[in-house]
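Below is final_31.txt, which holds compact mmCIF, C-alpha atoms.
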# COMPACT_ATOMS: atom_id res chain seq x y z
CA MET A 15 129.71 89.05 60.26
CA PRO A 16 126.31 87.47 60.88
CA THR A 17 123.90 88.28 63.68
CA PHE A 18 123.08 85.94 66.52
CA VAL A 19 120.55 86.07 69.34
CA TYR A 20 121.09 85.75 73.08
CA MET A 21 118.24 83.34 73.74
CA THR A 22 117.98 84.21 77.43
CA ARG A 23 117.36 87.88 76.61
CA CYS A 24 115.04 87.49 73.60
CA ASP A 25 111.35 87.72 74.50
CA GLY A 26 110.12 86.65 71.07
CA CYS A 27 108.50 89.99 70.11
CA GLY A 28 109.31 89.52 66.41
CA GLN A 29 110.53 93.08 65.66
CA CYS A 30 113.68 91.65 64.05
CA VAL A 31 111.52 89.40 61.85
CA ASP A 32 109.65 92.50 60.65
CA ILE A 33 112.68 94.64 59.93
CA CYS A 34 115.24 92.22 58.43
CA PRO A 35 115.76 93.27 54.78
CA SER A 36 117.20 89.86 53.98
CA ASP A 37 114.29 87.99 55.60
CA ILE A 38 116.66 85.75 57.52
CA MET A 39 115.48 86.53 61.07
CA HIS A 40 112.84 83.96 61.93
CA ILE A 41 111.24 82.31 64.94
CA ASP A 42 112.67 79.13 66.37
CA LYS A 43 110.21 76.21 66.46
CA THR A 44 111.44 74.83 69.79
CA TYR A 45 111.71 77.90 72.01
CA ARG A 46 109.76 80.58 70.08
CA ARG A 47 112.74 82.92 70.11
CA ALA A 48 114.31 84.74 67.17
CA TYR A 49 117.26 83.26 65.32
CA ASN A 50 119.23 83.86 62.16
CA ILE A 51 118.23 81.09 59.74
CA GLU A 52 120.97 81.80 57.20
CA PRO A 53 124.07 83.57 58.59
CA ASN A 54 125.77 83.52 55.14
CA PHE A 55 123.11 85.85 53.80
CA CYS A 56 123.33 88.43 56.60
CA TRP A 57 124.01 91.92 55.19
CA GLU A 58 125.44 93.14 58.48
CA CYS A 59 123.04 96.08 58.25
CA TYR A 60 122.41 96.11 62.01
CA SER A 61 118.69 96.76 61.47
CA CYS A 62 117.67 93.95 63.83
CA VAL A 63 120.38 94.88 66.36
CA LYS A 64 119.03 98.44 66.51
CA ALA A 65 115.37 97.39 66.53
CA CYS A 66 115.63 94.77 69.29
CA PRO A 67 114.08 96.30 72.42
CA GLN A 68 115.82 93.72 74.64
CA HIS A 69 119.31 94.25 73.13
CA ALA A 70 119.32 90.50 72.58
CA ILE A 71 120.94 90.55 69.13
CA ASP A 72 124.64 90.90 68.53
CA VAL A 73 126.97 90.59 65.55
CA ARG A 74 130.12 88.52 65.55
CA GLY A 75 132.78 87.96 62.97
CA TYR A 76 133.73 84.54 61.69
CA ALA A 77 136.42 83.15 63.98
CA ASP A 78 138.84 82.46 61.09
CA PHE A 79 139.33 86.11 60.14
CA ALA A 80 137.76 88.45 62.68
CA PRO A 81 139.77 89.32 65.77
CA LEU A 82 138.34 87.74 68.88
CA GLY A 83 137.41 89.78 71.91
CA HIS A 84 136.12 92.79 69.98
CA SER A 85 132.54 93.97 70.15
CA VAL A 86 130.30 96.48 68.39
CA ARG A 87 127.20 97.31 70.41
CA VAL A 88 124.46 99.75 69.65
CA LEU A 89 121.73 101.47 71.64
CA ARG A 90 118.84 103.13 69.81
CA GLU A 91 116.87 105.55 71.98
CA GLU A 92 113.65 106.34 70.18
CA GLU A 93 112.48 108.85 72.79
CA LYS A 94 115.71 110.88 72.35
CA GLY A 95 116.05 110.43 68.58
CA SER A 96 119.61 109.17 68.96
CA ILE A 97 121.76 106.16 68.32
CA SER A 98 124.87 105.35 70.31
CA TRP A 99 127.70 102.98 69.45
CA LYS A 100 130.29 101.37 71.68
CA ILE A 101 133.25 99.89 69.87
CA LYS A 102 135.60 97.65 71.81
CA TYR A 103 138.87 96.78 70.13
CA ARG A 104 140.77 93.58 70.66
CA ASP A 105 143.53 95.46 72.52
CA GLY A 106 140.96 96.71 75.05
CA ARG A 107 140.45 100.26 73.72
CA VAL A 108 136.85 101.41 73.86
CA LYS A 109 135.32 104.19 71.77
CA GLU A 110 131.81 105.54 72.08
CA PHE A 111 129.85 107.68 69.62
CA THR A 112 126.35 109.16 69.69
CA PHE A 113 124.54 110.42 66.59
CA PRO A 114 121.18 112.14 66.12
CA ILE A 115 118.89 110.09 63.88
CA ARG A 116 115.79 112.25 63.73
CA THR A 117 114.19 115.37 65.15
CA THR A 118 110.52 114.41 64.90
CA PRO A 119 108.82 112.11 67.45
CA TRP A 120 109.11 108.36 66.79
CA GLY A 121 106.11 107.08 64.80
CA SER A 122 105.07 110.55 63.62
CA ILE A 123 106.05 110.03 59.95
CA GLN A 124 103.01 109.21 57.83
CA SER A 125 103.11 106.09 55.70
CA PRO A 126 102.24 106.40 51.96
CA SER A 127 98.82 104.85 52.63
CA ASP A 128 97.99 107.69 55.04
CA TYR A 129 98.02 110.21 52.14
CA ALA A 130 95.16 110.77 49.69
CA VAL A 131 95.46 108.88 46.40
CA PRO A 132 97.07 111.28 43.87
CA ASP A 133 95.17 112.45 40.79
CA ALA A 134 96.11 110.73 37.49
CA ASN A 135 97.13 114.13 36.05
CA ALA A 136 99.95 114.18 38.61
CA LEU A 137 101.83 111.81 36.28
CA GLY A 138 102.55 114.82 34.03
CA SER A 139 104.09 116.78 36.90
CA VAL A 140 107.81 116.95 37.58
CA MET A 141 107.05 116.68 41.31
CA LEU A 142 107.05 113.42 43.20
CA ALA A 143 103.90 112.29 45.00
CA HIS A 144 102.66 114.80 47.61
CA GLU A 145 105.43 117.28 46.86
CA PRO A 146 105.87 120.03 47.86
CA GLU A 147 103.39 120.00 50.81
CA ALA A 148 104.77 116.71 52.26
CA LEU A 149 108.19 118.39 52.40
CA LYS A 150 106.61 121.27 54.32
CA VAL A 151 107.74 123.90 51.77
CA LYS A 152 105.61 126.14 49.55
CA THR A 153 107.43 125.55 46.28
CA LEU A 154 110.32 123.54 44.95
CA PRO A 155 112.81 125.00 42.48
CA THR A 156 112.36 123.55 39.01
CA LEU A 157 114.33 123.88 35.78
CA PRO A 158 112.98 126.42 33.29
CA PRO A 159 111.21 124.84 30.30
CA LYS A 160 113.46 124.11 27.29
CA LYS A 161 113.52 126.85 24.66
CA LYS A 162 112.18 125.72 21.32
CA VAL A 163 114.81 125.95 18.57
CA MET B 10 78.03 75.30 89.41
CA PHE B 11 80.72 77.89 90.13
CA THR B 12 80.39 77.63 93.88
CA SER B 13 80.70 73.89 94.50
CA ASN B 14 83.97 72.00 94.76
CA PRO B 15 84.29 69.95 91.52
CA PHE B 16 86.90 67.65 93.08
CA ALA B 17 84.56 66.68 95.92
CA ASP B 18 81.95 65.46 93.42
CA ILE B 19 84.32 63.03 91.65
CA THR B 20 84.67 61.02 94.86
CA VAL B 21 81.72 58.94 93.61
CA PHE B 22 84.13 57.19 91.22
CA LEU B 23 87.56 58.25 92.50
CA PRO B 24 88.64 58.21 96.18
CA PRO B 25 90.24 61.52 97.40
CA HIS B 26 93.63 59.91 98.09
CA VAL B 27 94.02 59.07 94.37
CA MET B 28 93.85 62.77 93.39
CA GLN B 29 96.14 63.65 96.30
CA THR B 30 98.70 61.10 95.09
CA TYR B 31 98.31 62.45 91.54
CA ILE B 32 99.11 66.02 92.72
CA GLY B 33 102.19 64.69 94.54
CA LEU B 34 103.33 62.91 91.37
CA MET B 35 102.86 66.06 89.29
CA ILE B 36 104.92 68.16 91.74
CA PHE B 37 107.62 65.48 91.55
CA ALA B 38 107.44 65.51 87.72
CA VAL B 39 107.88 69.31 87.60
CA ALA B 40 110.86 69.18 90.01
CA VAL B 41 112.57 66.34 88.10
CA GLY B 42 111.71 67.87 84.71
CA THR B 43 113.12 71.28 85.67
CA LEU B 44 116.33 69.68 86.97
CA ALA B 45 116.67 67.57 83.81
CA ASP B 46 116.07 70.68 81.68
CA MET B 47 118.71 72.65 83.62
CA LEU B 48 121.25 69.83 83.27
CA HIS B 49 120.51 69.30 79.59
CA LYS B 50 120.82 72.99 78.67
CA SER B 51 123.54 73.69 81.27
CA SER B 52 121.57 76.79 82.31
CA ALA B 53 123.06 76.92 85.81
CA LYS B 54 126.59 76.65 84.34
CA PHE B 55 125.76 79.39 81.82
CA PHE B 56 124.53 81.83 84.46
CA LEU B 57 127.50 81.06 86.72
CA ARG B 58 129.91 81.71 83.84
CA GLN B 59 128.11 84.96 82.95
CA TRP B 60 128.23 85.99 86.61
CA LYS B 61 132.01 85.41 86.77
CA LYS B 62 132.58 87.24 83.46
CA SER B 63 130.51 90.18 84.66
CA LYS B 64 132.44 90.31 87.96
CA ALA B 65 135.78 90.25 86.14
CA ALA B 66 134.74 93.07 83.78
CA ALA B 67 133.14 95.21 86.51
CA THR B 68 134.29 98.82 86.75
CA ARG B 69 132.61 99.43 90.09
CA ARG B 70 131.75 97.26 93.07
CA VAL B 71 128.09 96.56 93.74
CA SER B 72 127.40 96.26 97.47
CA GLY B 73 125.24 93.56 99.03
CA ALA B 74 122.47 96.08 99.76
CA GLU B 75 122.53 97.27 96.14
CA THR B 76 122.40 93.66 94.87
CA ALA B 77 119.41 93.01 97.13
CA SER B 78 117.74 96.16 95.79
CA LEU B 79 118.37 94.97 92.19
CA ALA B 80 116.83 91.60 93.08
CA VAL B 81 113.75 93.33 94.55
CA ARG B 82 113.42 95.52 91.44
CA THR B 83 113.68 92.41 89.22
CA VAL B 84 110.91 90.73 91.20
CA LEU B 85 108.73 93.85 91.08
CA LYS B 86 109.20 94.59 87.38
CA GLU B 87 110.06 91.40 85.50
CA VAL B 88 108.33 88.79 87.69
CA ILE B 89 105.26 90.40 89.25
CA THR B 90 104.29 92.76 86.43
CA SER B 91 105.91 91.07 83.37
CA GLY B 92 107.65 94.37 82.61
CA GLU B 93 110.10 92.86 80.12
CA PHE B 94 107.44 92.72 77.40
CA CYS B 95 107.66 95.68 75.03
CA ASN B 96 104.27 94.86 73.52
CA PRO B 97 101.52 95.93 75.99
CA MET B 98 99.06 93.38 74.54
CA ARG B 99 101.47 90.52 75.23
CA ARG B 100 102.06 91.89 78.70
CA ILE B 101 98.33 91.91 79.52
CA SER B 102 97.85 88.43 78.05
CA HIS B 103 100.86 87.12 80.00
CA LEU B 104 99.63 88.67 83.26
CA LEU B 105 96.17 87.14 82.77
CA MET B 106 97.70 83.71 82.22
CA PHE B 107 100.26 84.05 85.02
CA TYR B 108 97.88 85.17 87.76
CA GLY B 109 95.04 83.02 86.42
CA PHE B 110 97.24 79.92 86.48
CA LEU B 111 98.56 80.69 89.99
CA THR B 112 94.99 81.14 91.30
CA TYR B 113 93.76 78.03 89.50
CA LEU B 114 96.70 75.91 90.72
CA THR B 115 96.55 77.09 94.33
CA THR B 116 92.79 76.58 94.59
CA THR B 117 93.10 73.12 92.99
CA VAL B 118 95.64 72.07 95.66
CA VAL B 119 93.55 73.57 98.48
CA MET B 120 90.32 71.89 97.28
CA ILE B 121 91.99 68.49 96.88
CA PHE B 122 94.00 68.45 100.12
CA VAL B 123 92.06 70.68 102.56
CA TYR B 124 88.47 70.21 101.40
CA PRO B 125 88.18 66.76 99.77
CA THR B 126 84.45 66.65 100.65
CA ALA B 127 81.51 68.77 99.48
CA ALA B 128 81.66 71.03 102.57
CA THR B 129 83.97 73.59 100.86
CA PRO B 130 83.77 77.36 101.41
CA THR B 131 82.33 78.95 98.26
CA ILE B 132 85.34 81.19 97.76
CA TRP B 133 87.64 78.31 96.66
CA PRO B 134 85.57 76.97 93.72
CA LEU B 135 84.74 80.55 92.76
CA LEU B 136 88.43 81.50 92.66
CA TRP B 137 89.17 78.24 90.77
CA ASN B 138 86.70 79.28 88.06
CA ILE B 139 87.94 82.88 87.94
CA GLY B 140 91.53 81.62 87.58
CA ALA B 141 90.51 79.22 84.80
CA VAL B 142 88.64 81.97 82.90
CA MET B 143 91.65 84.32 83.21
CA VAL B 144 93.93 81.61 81.77
CA LEU B 145 91.51 80.99 78.91
CA ILE B 146 91.10 84.69 78.00
CA GLY B 147 94.84 85.39 78.10
CA GLY B 148 95.72 82.03 76.55
CA TYR B 149 93.36 82.03 73.58
CA TRP B 150 94.14 85.69 72.86
CA PHE B 151 97.83 84.76 72.80
CA PHE B 152 97.26 81.55 70.84
CA PHE B 153 95.21 83.09 68.02
CA PHE B 154 96.54 86.65 67.76
CA LEU B 155 99.72 87.34 69.72
CA ARG B 156 101.94 84.31 69.12
CA VAL B 157 104.92 85.71 67.27
CA ASN B 158 104.92 83.00 64.59
CA VAL B 159 101.26 83.85 63.89
CA ALA B 160 101.48 87.65 64.23
CA LYS B 161 104.86 88.21 62.57
CA GLU B 162 105.63 85.14 60.47
CA GLY B 163 102.09 84.92 59.15
CA HIS B 164 101.62 81.24 60.03
CA SER B 165 98.21 79.74 60.63
CA PRO B 166 97.34 79.54 64.35
CA PHE B 167 96.66 75.85 63.81
CA ARG B 168 100.16 75.10 62.56
CA LEU B 169 101.62 73.70 65.77
CA VAL B 170 105.32 73.40 66.61
CA ARG B 171 107.17 72.11 69.67
CA ALA B 172 107.20 75.61 71.21
CA ASP B 173 103.40 75.31 71.43
CA LEU B 174 103.52 72.29 73.75
CA PHE B 175 103.18 74.44 76.87
CA ILE B 176 100.39 76.75 75.67
CA VAL B 177 98.40 73.96 73.98
CA SER B 178 98.56 71.61 76.97
CA LEU B 179 97.73 74.49 79.35
CA LEU B 180 94.73 75.62 77.30
CA ALA B 181 93.50 72.06 76.74
CA SER B 182 93.85 71.23 80.44
CA VAL B 183 91.94 74.31 81.63
CA THR B 184 89.31 74.08 78.86
CA PHE B 185 88.56 70.44 79.72
CA ALA B 186 88.52 71.31 83.43
CA LEU B 187 85.61 73.67 82.76
CA ILE B 188 83.91 71.18 80.40
CA TRP B 189 84.23 68.48 83.05
CA GLU B 190 82.78 70.82 85.72
CA THR B 191 79.85 71.66 83.42
CA VAL B 192 78.93 68.07 82.50
CA GLN B 193 79.38 67.01 86.12
CA THR B 194 76.88 69.67 87.20
CA ALA B 195 74.49 68.39 84.50
CA GLY B 196 74.66 64.96 86.21
CA ASN B 197 75.82 62.74 83.33
CA LEU B 198 78.28 60.26 84.89
CA THR B 199 79.72 58.84 81.61
CA ALA B 200 80.28 62.29 80.11
CA THR B 201 81.82 63.39 83.42
CA GLN B 202 84.25 60.46 83.41
CA ILE B 203 85.27 61.10 79.77
CA ALA B 204 85.75 64.87 80.27
CA PHE B 205 87.64 64.25 83.53
CA GLY B 206 89.86 61.68 81.79
CA VAL B 207 90.75 64.15 79.00
CA TYR B 208 91.39 66.86 81.61
CA ILE B 209 93.80 64.57 83.48
CA LEU B 210 95.50 63.56 80.22
CA PHE B 211 96.31 67.17 79.21
CA THR B 212 97.23 68.14 82.77
CA THR B 213 99.70 65.26 82.83
CA VAL B 214 101.15 66.37 79.48
CA LEU B 215 101.49 69.92 80.87
CA PHE B 216 103.51 68.89 83.93
CA VAL B 217 105.36 65.82 82.64
CA GLY B 218 106.30 67.70 79.44
CA VAL B 219 108.42 70.23 81.37
CA PRO B 220 111.77 69.14 79.84
CA TRP B 221 110.34 69.54 76.31
CA SER B 222 108.18 72.61 76.84
CA LYS B 223 109.10 76.18 77.80
CA PHE B 224 107.84 75.74 81.37
CA ALA B 225 111.41 76.30 82.66
CA HIS B 226 111.29 79.92 81.41
CA MET B 227 109.68 80.73 84.77
CA PHE B 228 113.07 80.14 86.35
CA TYR B 229 115.63 81.33 83.79
CA LYS B 230 113.90 84.55 82.63
CA PRO B 231 114.10 86.22 86.08
CA ALA B 232 117.74 85.03 86.34
CA ALA B 233 118.56 86.64 82.97
CA ALA B 234 116.76 89.88 83.94
CA PHE B 235 118.64 90.05 87.25
CA GLN B 236 121.96 89.41 85.46
CA LYS B 237 121.24 92.28 83.06
CA ARG B 238 120.53 94.67 85.96
CA VAL B 239 123.73 93.65 87.75
CA GLU B 240 125.78 94.20 84.57
CA GLU B 241 124.32 97.70 84.17
CA ALA B 242 125.03 98.47 87.83
CA ASN B 243 128.63 97.24 87.97
CA GLY B 244 129.62 98.74 84.62
CA SER B 245 130.35 95.42 82.88
CA SER B 246 127.54 95.84 80.33
CA ASN B 247 128.91 96.15 76.81
CA LEU B 248 126.03 98.42 75.75
CA PRO B 249 126.74 102.12 75.08
CA ARG B 250 125.81 104.64 77.76
CA PRO B 251 122.46 106.37 77.17
CA ALA B 252 122.73 109.60 75.16
CA ASP B 253 122.69 112.82 77.16
CA VAL B 254 121.03 114.92 74.43
CA ASN B 255 117.43 114.79 73.26
CA ASN B 256 117.20 115.51 69.53
CA ILE B 257 113.42 115.47 69.25
CA VAL B 258 112.01 118.93 68.53
CA ARG B 259 108.50 119.22 69.93
Can the structure in the file be given as structure tokens, please?
Amino acid sequence: MPTFVYMTRCDGCGQCVDICPSDIMHIDKTYRRAYNIEPNFCWECYSCVKACPQHAIDVRGYADFAPLGHSVRVLREEEKGSISWKIKYRDGRVKEFTFPIRTTPWGSIQSPSDYAVPDANALGSVMLAHEPEALKVKTLPTLPPKKKV
Amino acid sequence: MFTSNPFADITVFLPPHVMQTYIGLMIFAVAVGTLADMLHKSSAKFFLRQWKKSKAAATRRVSGAETASLAVRTVLKEVITSGEFCNPMRRISHLLMFYGFLTYLTTTVVMIFVYPTAATPTIWPLLWNIGAVMVLIGGYWFFFFLRVNVAKEGHSPFRLVRADLFIVSLLASVTFALIWETVQTAGNLTATQIAFGVYILFTTVLFVGVPWSKFAHMFYKPAAAFQKRVEEANGSSNLPRPADVNNIVR
């Protein structure tokens, strides 16, 4: 089920190139639009489909086994923190679902480089980097130390 | 320098009717090139097929007045203000190039056909220079920093591909137009002839290269944007409806 790009809709912003975990979304040398360079390696993760601001990327099954006429379309609304799906079956039935994906504003999550470099002593701690303050809690429950026999 | 008609000064070695014929040939080349491009890619067939598919899948009828309103909105957003770009930097760069090129092209035609002699109102050469500078600012910004293969793929800006034919010929044409104007003002005839020759060469590549460059996007991008609006309006779009709940806690 590889992705493909509607060339008339793509504006060549490159967001799919950035997000593709398989590094198969690249820029065409003739039209400077995105395209899938290796459909066999597509994970069908829908990352590029969700990220495309022009809704120019779609996924289709191989004609020899996937039913024709179906479609799976997705709309990510960053400002609402939601993702909606529209599933069209081959017999014409249509189902729509909407899911929340986050509650904090888009772009508000700090990247690891935005945090201060941890102290070397932190290696001896059972906490992960920047815990517990990054999780916005005062303490995290930990196991009691092992009793010496 | 910026207030005298550069095309009037070349009449010392090139009669005005030669440049007028050249402009006519370039308009012809763009018309033929666009038609050839449309036939080769079957763009008109594609949009007609999409239009029929959309009409067949429509869940509501879009009236003539509503269609006209969608067309006006497409012109206002996608054409006049390049609203389809999600990256504001690309939008600014595109607007600079678009309006700069229109100004530069219009003033070139006016100066060649209406004022072929030195008695040209100052506004025309001034606008010609402003248009050229706008194209160069937007164009070089795009070429070195915003081109997606440079910004996202990490390629060198000097690694040229066929998709660069339009931007490279546009930038070269406008750059050499200003170089030619400068050396002409300095009074060196040989340098003027060389710079003018290079300017004409790249301008010819720009307009004759239409079937191989992305010049035709001026015509099919608004068509695609209009089609998308019609699909949303008549209910034939296969995209989900927008969510009615906002999950962001502020």
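Of the listed residues A:Cys56, A:Met15, A:Ile71, A:Ala130, the one whose atoms come nearest to chain B is A:Ile71, with distances taken using only C-alpha atoms.
Put simply, atom CA of B:Lys54 is 21.4 Å away from atom CA of A:Asp72.
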Report as CSV the residues of chain A within 9 Å of chain B, each with its shortest atom pair and distance in Å (one decimal), using only C-alpha atoms, ordered by chain and increasing residue number.
residue,atom,partner,partner_atom,distance
A:Thr22,CA,B:Ala233,CA,6.1
A:Arg23,CA,B:Ala233,CA,6.6
A:Asp25,CA,B:Phe94,CA,7.0
A:Gly26,CA,B:Val157,CA,6.5
A:Cys27,CA,B:Val157,CA,6.3
A:Gly28,CA,B:Val157,CA,5.9
A:Gln29,CA,B:Lys161,CA,8.1
A:Val31,CA,B:Lys161,CA,6.8
A:Asp32,CA,B:Lys161,CA,6.7
A:His40,CA,B:Glu162,CA,7.5
A:Ile41,CA,B:Asn158,CA,6.4
A:Asp42,CA,B:Ala172,CA,8.1
A:Lys43,CA,B:Val170,CA,5.6
A:Thr44,CA,B:Ala172,CA,4.5
A:Tyr45,CA,B:Ala172,CA,5.1
A:Arg46,CA,B:Ala172,CA,5.7
A:Arg47,CA,B:Val157,CA,8.8
A:Pro67,CA,B:Cys95,CA,7.0
A:Gln68,CA,B:Glu93,CA,8.0
A:His69,CA,B:Leu248,CA,8.3
A:Ser85,CA,B:Asn247,CA,7.9
A:Val86,CA,B:Asn247,CA,8.5
A:Arg87,CA,B:Leu248,CA,5.6
A:Val88,CA,B:Pro249,CA,6.3
A:Leu89,CA,B:Pro249,CA,6.1
A:Arg90,CA,B:Pro251,CA,8.8
A:Glu91,CA,B:Pro251,CA,7.7
A:Glu93,CA,B:Ile257,CA,7.6
A:Lys94,CA,B:Asn255,CA,4.4
A:Gly95,CA,B:Asn256,CA,5.3
A:Ser96,CA,B:Asn256,CA,6.8
A:Ile97,CA,B:Ala252,CA,7.7
A:Ser98,CA,B:Pro249,CA,6.1
A:Trp99,CA,B:Pro249,CA,5.8
A:Lys100,CA,B:Pro249,CA,5.0
A:Ile101,CA,B:Pro249,CA,8.6
A:Lys102,CA,B:Asn247,CA,8.5
A:Glu110,CA,B:Pro249,CA,6.8
A:Phe111,CA,B:Pro249,CA,8.4
A:Thr112,CA,B:Ala252,CA,6.6
A:Phe113,CA,B:Ala252,CA,8.8
A:Pro114,CA,B:Asn256,CA,6.2
A:Ile115,CA,B:Asn256,CA,8.0
A:Arg116,CA,B:Asn256,CA,6.8
A:Thr117,CA,B:Ile257,CA,4.2
A:Thr118,CA,B:Ile257,CA,5.3
A:Pro119,CA,B:Ile257,CA,6.0
A:Trp120,CA,B:Ile257,CA,8.7
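Between atom CA of A:Asn50 and atom CA of A:Val73 the interatomic distance comes to 10.8 Å.
Here atom CA of B:Ala45 stands at a distance of 17.2 Å from atom CA of B:Thr213.
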N, CA and C atoms are needed for stretch 25-45 of chain B; please write them out as a PDB file, keeping the file's coordinate frame.
ATOM      1  N   PRO B  25      89.431  60.286  97.291  1.00  0.00           N
ATOM      2  CA  PRO B  25      90.240  61.520  97.400  1.00  0.00           C
ATOM      3  C   PRO B  25      91.747  61.260  97.408  1.00  0.00           C
ATOM      4  N   HIS B  26      92.170  60.131  97.997  1.00  0.00           N
ATOM      5  CA  HIS B  26      93.630  59.910  98.090  1.00  0.00           C
ATOM      6  C   HIS B  26      94.265  59.676  96.716  1.00  0.00           C
ATOM      7  N   VAL B  27      93.463  59.266  95.732  1.00  0.00           N
ATOM      8  CA  VAL B  27      94.020  59.070  94.370  1.00  0.00           C
ATOM      9  C   VAL B  27      94.417  60.430  93.785  1.00  0.00           C
ATOM     10  N   MET B  28      93.537  61.421  93.909  1.00  0.00           N
ATOM     11  CA  MET B  28      93.850  62.770  93.390  1.00  0.00           C
ATOM     12  C   MET B  28      95.005  63.391  94.179  1.00  0.00           C
ATOM     13  N   GLN B  29      95.042  63.106  95.487  1.00  0.00           N
ATOM     14  CA  GLN B  29      96.140  63.650  96.300  1.00  0.00           C
ATOM     15  C   GLN B  29      97.485  63.060  95.861  1.00  0.00           C
ATOM     16  N   THR B  30      97.469  61.754  95.572  1.00  0.00           N
ATOM     17  CA  THR B  30      98.700  61.100  95.090  1.00  0.00           C
ATOM     18  C   THR B  30      99.083  61.674  93.721  1.00  0.00           C
ATOM     19  N   TYR B  31      98.060  61.904  92.888  1.00  0.00           N
ATOM     20  CA  TYR B  31      98.310  62.450  91.540  1.00  0.00           C
ATOM     21  C   TYR B  31      98.997  63.823  91.646  1.00  0.00           C
ATOM     22  N   ILE B  32      98.504  64.679  92.545  1.00  0.00           N
ATOM     23  CA  ILE B  32      99.110  66.020  92.720  1.00  0.00           C
ATOM     24  C   ILE B  32     100.575  65.863  93.149  1.00  0.00           C
ATOM     25  N   GLY B  33     100.810  64.942  94.086  1.00  0.00           N
ATOM     26  CA  GLY B  33     102.190  64.690  94.540  1.00  0.00           C
ATOM     27  C   GLY B  33     103.071  64.264  93.382  1.00  0.00           C
ATOM     28  N   LEU B  34     102.550  63.380  92.532  1.00  0.00           N
ATOM     29  CA  LEU B  34     103.330  62.910  91.370  1.00  0.00           C
ATOM     30  C   LEU B  34     103.636  64.045  90.410  1.00  0.00           C
ATOM     31  N   MET B  35     102.651  64.947  90.224  1.00  0.00           N
ATOM     32  CA  MET B  35     102.860  66.060  89.290  1.00  0.00           C
ATOM     33  C   MET B  35     103.919  67.035  89.826  1.00  0.00           C
ATOM     34  N   ILE B  36     103.899  67.282  91.143  1.00  0.00           N
ATOM     35  CA  ILE B  36     104.920  68.160  91.740  1.00  0.00           C
ATOM     36  C   ILE B  36     106.301  67.531  91.546  1.00  0.00           C
ATOM     37  N   PHE B  37     106.370  66.225  91.745  1.00  0.00           N
ATOM     38  CA  PHE B  37     107.620  65.480  91.550  1.00  0.00           C
ATOM     39  C   PHE B  37     108.078  65.589  90.089  1.00  0.00           C
ATOM     40  N   ALA B  38     107.112  65.448  89.164  1.00  0.00           N
ATOM     41  CA  ALA B  38     107.440  65.510  87.720  1.00  0.00           C
ATOM     42  C   ALA B  38     107.992  66.882  87.350  1.00  0.00           C
ATOM     43  N   VAL B  39     107.404  67.947  87.914  1.00  0.00           N
ATOM     44  CA  VAL B  39     107.880  69.310  87.600  1.00  0.00           C
ATOM     45  C   VAL B  39     109.299  69.493  88.157  1.00  0.00           C
ATOM     46  N   ALA B  40     109.529  69.018  89.391  1.00  0.00           N
ATOM     47  CA  ALA B  40     110.860  69.180  90.010  1.00  0.00           C
ATOM     48  C   ALA B  40     111.912  68.412  89.194  1.00  0.00           C
ATOM     49  N   VAL B  41     111.624  67.162  88.863  1.00  0.00           N
ATOM     50  CA  VAL B  41     112.570  66.340  88.100  1.00  0.00           C
ATOM     51  C   VAL B  41     112.760  66.921  86.690  1.00  0.00           C
ATOM     52  N   GLY B  42     111.662  67.316  86.072  1.00  0.00           N
ATOM     53  CA  GLY B  42     111.710  67.870  84.710  1.00  0.00           C
ATOM     54  C   GLY B  42     112.536  69.138  84.651  1.00  0.00           C
ATOM     55  N   THR B  43     112.356  70.022  85.652  1.00  0.00           N
ATOM     56  CA  THR B  43     113.120  71.280  85.670  1.00  0.00           C
ATOM     57  C   THR B  43     114.603  70.984  85.859  1.00  0.00           C
ATOM     58  N   LEU B  44     114.912  70.049  86.757  1.00  0.00           N
ATOM     59  CA  LEU B  44     116.330  69.680  86.970  1.00  0.00           C
ATOM     60  C   LEU B  44     116.930  69.091  85.703  1.00  0.00           C
ATOM     61  N   ALA B  45     116.180  68.204  85.048  1.00  0.00           N
ATOM     62  CA  ALA B  45     116.670  67.570  83.810  1.00  0.00           C
ATOM     63  C   ALA B  45     116.897  68.632  82.741  1.00  0.00           C
TER      64      ALA B  45
END
